[in-house]
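> Just query15.cif, nothing more (mmCIF, C-alpha atoms):
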data_input
#
loop_
_atom_site.label_atom_id
_atom_site.label_comp_id
_atom_site.auth_asym_id
_atom_site.auth_seq_id
_atom_site.Cartn_x
_atom_site.Cartn_y
_atom_site.Cartn_z
CA MET Y 24 11.52 -37.61 -30.45
CA SER Y 25 12.93 -39.50 -27.53
CA TYR Y 26 11.04 -41.29 -24.80
CA LEU Y 27 12.06 -38.63 -22.26
CA THR Y 28 10.80 -35.84 -24.49
CA TYR Y 29 7.39 -37.49 -24.84
CA LEU Y 30 7.35 -38.09 -21.08
CA LEU Y 31 8.27 -34.47 -20.33
CA VAL Y 32 5.59 -33.13 -22.67
CA GLY Y 33 3.00 -35.36 -20.98
CA HIS Y 34 4.03 -34.30 -17.50
CA VAL Y 35 3.96 -30.61 -18.46
CA ALA Y 36 0.45 -31.13 -19.90
CA MET Y 37 -0.61 -32.82 -16.65
CA VAL Y 38 0.73 -29.93 -14.53
CA LEU Y 39 -1.01 -27.43 -16.82
CA HIS Y 40 -4.20 -29.47 -16.41
CA TYR Y 41 -3.99 -29.15 -12.61
CA LEU Y 42 -3.35 -25.40 -12.92
CA PHE Y 43 -6.27 -25.05 -15.34
CA PHE Y 44 -8.52 -26.98 -12.95
CA ALA Y 45 -7.43 -24.83 -10.00
CA TYR Y 46 -8.04 -21.66 -12.03
CA VAL Y 47 -11.52 -22.84 -13.03
CA VAL Y 48 -12.42 -23.55 -9.40
CA PHE Y 49 -10.74 -20.61 -7.63
CA GLY Y 50 -9.82 -18.10 -10.34
CA GLY Y 51 -13.02 -16.13 -9.93
CA PHE Y 52 -11.71 -14.88 -6.60
CA LEU Y 53 -8.90 -13.07 -8.45
CA SER Y 54 -11.54 -10.68 -9.74
CA TRP Y 55 -12.10 -9.46 -6.19
CA ARG Y 56 -8.66 -7.87 -6.38
CA TRP Y 57 -8.60 -7.27 -10.14
CA PRO Y 58 -12.18 -6.94 -11.44
CA ARG Y 59 -11.06 -7.22 -15.06
CA MET Y 60 -10.07 -10.82 -14.34
CA PHE Y 61 -13.78 -11.66 -14.30
CA TRP Y 62 -14.03 -11.90 -18.10
CA PRO Y 63 -11.06 -14.23 -18.70
CA HIS Y 64 -12.27 -16.44 -15.87
CA LEU Y 65 -15.81 -16.48 -17.22
CA LEU Y 66 -14.50 -17.64 -20.61
CA VAL Y 67 -12.33 -20.35 -19.04
CA ALA Y 68 -15.17 -21.50 -16.77
CA ALA Y 69 -17.55 -21.63 -19.73
CA TYR Y 70 -15.02 -23.69 -21.70
CA ALA Y 71 -14.61 -26.08 -18.76
CA LEU Y 72 -18.38 -26.37 -18.45
CA GLY Y 73 -18.57 -27.17 -22.16
CA ILE Y 74 -15.96 -29.91 -21.70
CA VAL Y 75 -17.96 -31.48 -18.87
CA ILE Y 76 -21.52 -30.97 -20.13
CA ILE Y 77 -21.25 -30.98 -23.92
CA GLY Y 78 -18.11 -33.07 -24.29
CA TRP Y 79 -15.99 -30.46 -26.03
CA PRO Y 80 -12.46 -31.68 -26.65
CA CYS Y 81 -9.68 -30.55 -24.32
CA PHE Y 82 -6.37 -29.92 -26.04
CA LEU Y 83 -4.46 -30.67 -22.81
CA THR Y 84 -6.07 -34.11 -22.65
CA ASP Y 85 -5.11 -34.67 -26.28
CA ILE Y 86 -1.49 -33.69 -25.57
CA GLU Y 87 -1.31 -35.85 -22.46
CA ASN Y 88 -2.82 -38.83 -24.28
CA TRP Y 89 -0.39 -38.33 -27.18
CA SER Y 90 2.45 -38.48 -24.68
CA ARG Y 91 0.99 -41.54 -22.98
CA LEU Y 92 0.56 -43.32 -26.31
CA ASN Y 93 4.16 -42.60 -27.32
CA THR Y 94 5.56 -43.76 -23.97
CA GLY Y 95 3.58 -46.98 -23.81
CA ARG Y 96 1.36 -45.84 -20.96
CA GLU Y 97 -2.39 -46.24 -20.65
CA ILE Y 98 -4.32 -43.35 -22.25
CA MET Y 99 -6.97 -41.45 -20.33
CA GLU Y 100 -10.17 -42.93 -21.77
CA ASN Y 101 -12.51 -40.51 -19.99
CA GLY Y 102 -10.27 -37.47 -19.62
CA PHE Y 103 -8.17 -35.76 -17.00
CA ILE Y 104 -10.76 -35.43 -14.24
CA ASP Y 105 -11.78 -39.09 -14.31
CA HIS Y 106 -8.16 -40.22 -14.49
CA HIS Y 107 -6.40 -37.89 -12.04
CA ILE Y 108 -9.03 -36.37 -9.74
CA THR Y 109 -12.04 -38.67 -9.33
CA GLY Y 110 -11.18 -41.32 -6.79
CA VAL Y 111 -8.26 -39.24 -5.49
CA PHE Y 112 -9.88 -36.05 -4.16
CA TYR Y 113 -13.38 -37.51 -3.79
CA PRO Y 114 -14.96 -40.96 -4.19
CA PRO Y 115 -16.25 -41.79 -7.69
CA GLU Y 116 -19.83 -41.95 -6.44
CA HIS Y 117 -19.61 -38.26 -5.48
CA LEU Y 118 -18.72 -36.93 -8.92
CA MET Y 119 -21.96 -34.98 -9.24
CA THR Y 120 -21.58 -33.63 -5.70
CA SER Y 121 -18.10 -32.38 -6.58
CA ARG Y 122 -19.51 -30.61 -9.63
CA TYR Y 123 -22.12 -28.87 -7.47
CA VAL Y 124 -19.44 -27.83 -4.97
CA ILE Y 125 -17.26 -26.43 -7.77
CA ALA Y 126 -20.25 -24.57 -9.24
CA GLY Y 127 -20.97 -23.19 -5.76
CA ILE Y 128 -17.39 -21.98 -5.35
CA VAL Y 129 -17.46 -20.24 -8.74
CA ALA Y 130 -20.88 -18.72 -8.01
CA SER Y 131 -19.63 -17.52 -4.62
CA ALA Y 132 -16.67 -15.80 -6.25
CA TYR Y 133 -18.95 -14.06 -8.73
CA ALA Y 134 -21.47 -13.10 -6.03
CA GLY Y 135 -18.66 -11.67 -3.92
CA LEU Y 136 -17.45 -9.62 -6.88
CA ALA Y 137 -20.97 -8.34 -7.54
CA TRP Y 138 -21.33 -7.36 -3.87
CA LYS Y 139 -17.96 -5.61 -3.88
CA LEU Y 140 -18.80 -3.66 -7.05
CA TYR Y 141 -22.23 -2.77 -5.67
CA ARG Y 142 -20.71 -1.41 -2.45
CA ARG Y 143 -18.06 0.52 -4.39
CA ARG Y 144 -20.73 2.06 -6.63
CA SER Y 145 -22.94 2.89 -3.61
CA ALA Y 146 -20.01 4.57 -1.86
CA ALA Y 147 -19.21 6.59 -4.99
CA VAL Y 148 -22.82 7.72 -5.39
CA GLY Y 149 -22.99 8.61 -1.67
CA ALA Y 150 -19.79 10.64 -1.92
CA VAL Y 151 -21.10 12.59 -4.94
CA SER Y 152 -24.54 13.30 -3.48
CA GLY Y 153 -23.28 13.88 0.09
#
Just dump the structure as structure tokens.

Amino acid sequence: MSYLTYLLVGHVAMVLHYLFFAYVVFGGFLSWRWPRMFWPHLLVAAYALGIVIIGWPCFLTDIENWSRLNTGREIMENGFIDHHITGVFYPPEHLMTSRYVIAGIVASAYAGLAWKLYRRRSAAVGAVSG
């Protein structure tokens, strides 16, 4: 493979990483419009939580590091978030705060979905009994 091919693969992996991260943080809100999107988001969010808490491997990090290794660039020792996000979107000393904020955003999306489904069910029951 050529240098440019390795570089392209790494950049595509990086873009997919950003999209994955955005989906983890904000994807739960898609279920407000399409309630069936709750389950795919829950699985993705659980996988992301496993990466952060348990240290599960991330195949996108592996692909990006493979590209970096084959293009002579520094590999991401501690993963995508530490390399691309921490210190860019928030100071390193606020890593835990950022995790709480992300958890709050995801929980808010799920709470909003629960509220919406509750109201829909209440309206349906009221229409039947009314």
> Run the PyMOL selection byres ((chain Y and resi 39) around 12) against the file shown and list the residues it catches, as a list in words.
Val32, Gly33, His34, Val35, Ala36, Met37, Val38, His40, Tyr41, Leu42, Phe43, Phe44, Ala45, Tyr46, Cys81, Phe82, Leu83, Thr84, Ile86, Glu87 and Phe103 of chain Y
> Pick the closest to Y:Met24 from Y:Met119, Y:Ile104, Y:Ile128, Y:Thr94: which is it, counting all atoms listed in the file?
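With all atoms listed in the file as the atom set, the closest residue is Y:Thr94.
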> For stretch 132-144 of chain Y, please output as a VMD selection string all residues within 9 Å (counting all atoms listed in the file; exclusion window: fewer than 2 positions along the same chain).
chain Y and resid 49 to 56 58 61 127 to 130 146 to 149
> Which of these, Y:Arg122, Y:Arg59, Y:Arg96, Y:His64, has the shortest distance to Y:Tyr26 once you count only C-alpha atoms?
Y:Arg96
> Choose the residue, out of Y:Ile125, Y:Thr109, Y:Gly73, Y:Leu118, that has the smallest atom-to-atom separation from Y:Val47; count all atoms listed in the file.
Y:Ile125
